[in-house]
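What follows is a short report on a single structure.
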Protein chains: 2
Amino acid sequence: MTKKVKEIIPCDDSCPVKATLKILGGKWTLLILFQINDDVMRYGELKRAIPEISEKMLIQELNMLVEKKLVSKKAYPEIPPRVEYRLTDLGLKTLPIIATFVEFGQENLV
Amino acid sequence: MTKKVKEIIPCDDSCPVKATLKILGGKWTLLILFQINDDVMRYGELKRAIPEISEKMLIQELNMLVEKKLVSKKAYPEIPPRVEYRLTDLGLKTLPIIATFVEFGQENLV
DNA sequence: AATTAATCTAACCAAAAAGTAAGTACCCTA
DNA sequence: TAGGGTACTTACTTTTTGGTTAGATTAATT
């Protein structure tokens, strides 16, 4: 009779949960994606949709999301300026994640 | 012809995404739940499964998860000590969330 | 001529989260 | 009697994150 040894596979950098967390793990990230959803949102609209976020964080997160190619940005050369954000194809793929967040929250928390 | 006004519903404390984020938003939380999964895990096993986490953070997160009723803890009065963690019914409900993280990571990142 | 509007930037500081390192407890084995 | 195993705990420091304030832009409105 051999001693049973539980095999532990240490999670490394290829852990998909970790990889996803790296992009979506911020305090505001999922909330912003959730608000944009499959719509077009202006900067000011997002600000009103997430009132507690500071302008700095909103811009910072949006820039990050554009850089990571989850969000595309279109600025119109107008005065006053108009900038529209929407999800890219990659960004749209986060919507199922957000849907599970919504469901868990609705059924168990709020 | 009336000016089109986009209706913005500001997300308040009842936003399900925010509520879920409040519990699952930590740097290590989802990773720990992912490792426990539908299994029984000892403290030391979790430590080996997530090598980069510090003991302090692991304990802190586990305590938080027990307090939030996502994880149950069973300590055996033995020397050396043995403590087992497993997901509660509520904790098991986070597995679909984690599954979407895994899928997104596998298909788009790793 | 001053004000307003919308989007963004930069500098600075505060708070929160996470990391580090050491120590505690207890019995067993060598 | 020294060291090892397991699960924590504490005090301290660093890093990350977030908040505040001020300012740039420039055409149209007051």
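Quick note on naming: the chains in the structure tokens go A, B, ... in the order shown, residues restart at 1 in each chain, and ligands are numbered from 1 in order of appearance.
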If the cut-off is 9 Å, can you tell me the residues of chain D near chain B, counting only C-alpha atoms (C1' of nucleotides)? I'd like them as a ChimeraX atom specification. /D:5-9
Spatial neighbours of Leu109 (chain A), max dist 12 Å, only C-alpha atoms (C1' of nucleotides), sep filter under 6 positions, as a PyMOL selection string: (chain A and resi 101-103) or (chain B and resi 13-24+68-70+90+93)
Contacts of Pro51 (chain B) within 10 Å, only C-alpha atoms (C1' of nucleotides), excl. fewer than 4 positions in-chain, as an mmCIF file with all heavy atoms, in the first residue's frame:
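Final output, saved to out-v1.cif:
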data_model
loop_
_atom_site.group_PDB
_atom_site.id
_atom_site.type_symbol
_atom_site.label_atom_id
_atom_site.label_comp_id
_atom_site.auth_asym_id
_atom_site.auth_seq_id
_atom_site.Cartn_x
_atom_site.Cartn_y
_atom_site.Cartn_z
ATOM 1 N N PRO A 10 1.532 23.450 -9.661
ATOM 2 C CA PRO A 10 1.630 24.867 -9.311
ATOM 3 C C PRO A 10 1.224 25.727 -10.496
ATOM 4 O O PRO A 10 1.614 25.444 -11.630
ATOM 5 C CB PRO A 10 3.116 25.061 -9.001
ATOM 6 C CG PRO A 10 3.712 23.704 -8.956
ATOM 7 C CD PRO A 10 2.835 22.812 -9.756
ATOM 8 N N CYS A 11 0.440 26.765 -10.235
ATOM 9 C CA CYS A 11 0.033 27.612 -11.348
ATOM 10 C C CYS A 11 1.151 28.581 -11.688
ATOM 11 O O CYS A 11 1.687 29.275 -10.846
ATOM 12 C CB CYS A 11 -1.276 28.335 -11.048
ATOM 13 S SG CYS A 11 -1.184 29.612 -9.812
ATOM 14 N N ASP A 12 1.517 28.587 -12.939
ATOM 15 C CA ASP A 12 2.610 29.444 -13.401
ATOM 16 C C ASP A 12 2.047 30.560 -14.275
ATOM 17 O O ASP A 12 0.864 30.853 -14.236
ATOM 18 C CB ASP A 12 3.657 28.617 -14.159
ATOM 19 C CG ASP A 12 3.027 27.935 -15.360
ATOM 20 O OD1 ASP A 12 1.792 27.960 -15.479
ATOM 21 O OD2 ASP A 12 3.777 27.388 -16.179
ATOM 22 N N GLU B 45 -1.266 22.672 0.642
ATOM 23 C CA GLU B 45 -1.473 22.345 -0.769
ATOM 24 C C GLU B 45 -1.751 23.604 -1.576
ATOM 25 O O GLU B 45 -1.229 23.783 -2.691
ATOM 26 C CB GLU B 45 -2.639 21.362 -0.909
ATOM 27 C CG GLU B 45 -2.307 19.967 -0.399
ATOM 28 C CD GLU B 45 -3.528 19.043 -0.377
ATOM 29 O OE1 GLU B 45 -4.661 19.556 -0.371
ATOM 30 O OE2 GLU B 45 -3.337 17.826 -0.359
ATOM 31 N N LEU B 46 -2.550 24.472 -1.001
ATOM 32 C CA LEU B 46 -2.837 25.737 -1.689
ATOM 33 C C LEU B 46 -1.572 26.559 -1.854
ATOM 34 O O LEU B 46 -1.353 27.191 -2.890
ATOM 35 C CB LEU B 46 -3.884 26.531 -0.901
ATOM 36 C CG LEU B 46 -5.323 26.059 -1.071
ATOM 37 C CD1 LEU B 46 -6.240 26.740 -0.076
ATOM 38 C CD2 LEU B 46 -5.791 26.340 -2.495
ATOM 39 N N LYS B 47 -0.752 26.540 -0.834
ATOM 40 C CA LYS B 47 0.500 27.294 -0.876
ATOM 41 C C LYS B 47 1.373 26.790 -2.022
ATOM 42 O O LYS B 47 1.977 27.573 -2.749
ATOM 43 C CB LYS B 47 1.228 27.143 0.456
ATOM 44 C CG LYS B 47 1.927 28.391 0.901
ATOM 45 C CD LYS B 47 2.486 28.256 2.310
ATOM 46 C CE LYS B 47 3.627 27.272 2.383
ATOM 47 N NZ LYS B 47 4.275 27.302 3.737
ATOM 48 N N GLU B 55 2.400 33.817 2.575
ATOM 49 C CA GLU B 55 1.572 33.149 3.580
ATOM 50 C C GLU B 55 0.543 34.119 4.136
ATOM 51 O O GLU B 55 -0.613 33.770 4.335
ATOM 52 C CB GLU B 55 2.450 32.627 4.720
ATOM 53 C CG GLU B 55 3.464 31.601 4.283
ATOM 54 C CD GLU B 55 3.991 30.799 5.472
ATOM 55 O OE1 GLU B 55 3.891 31.305 6.606
ATOM 56 O OE2 GLU B 55 4.470 29.679 5.263
#
So which residues touch Gly91 (chain B) within 9 Å, counting only C-alpha atoms (C1' of nucleotides), skipping near sequence neighbours fewer than 2 positions away, as JSON, numbers by chain? {"B": [33, 37, 65, 69, 70, 71, 86, 87, 88, 89, 93, 94, 95]}
As a ChimeraX atom specification, could you give me every residue of chain C near chain A (at most 10 Å apart, counting only C-alpha atoms (C1' of nucleotides))? /C:4-9
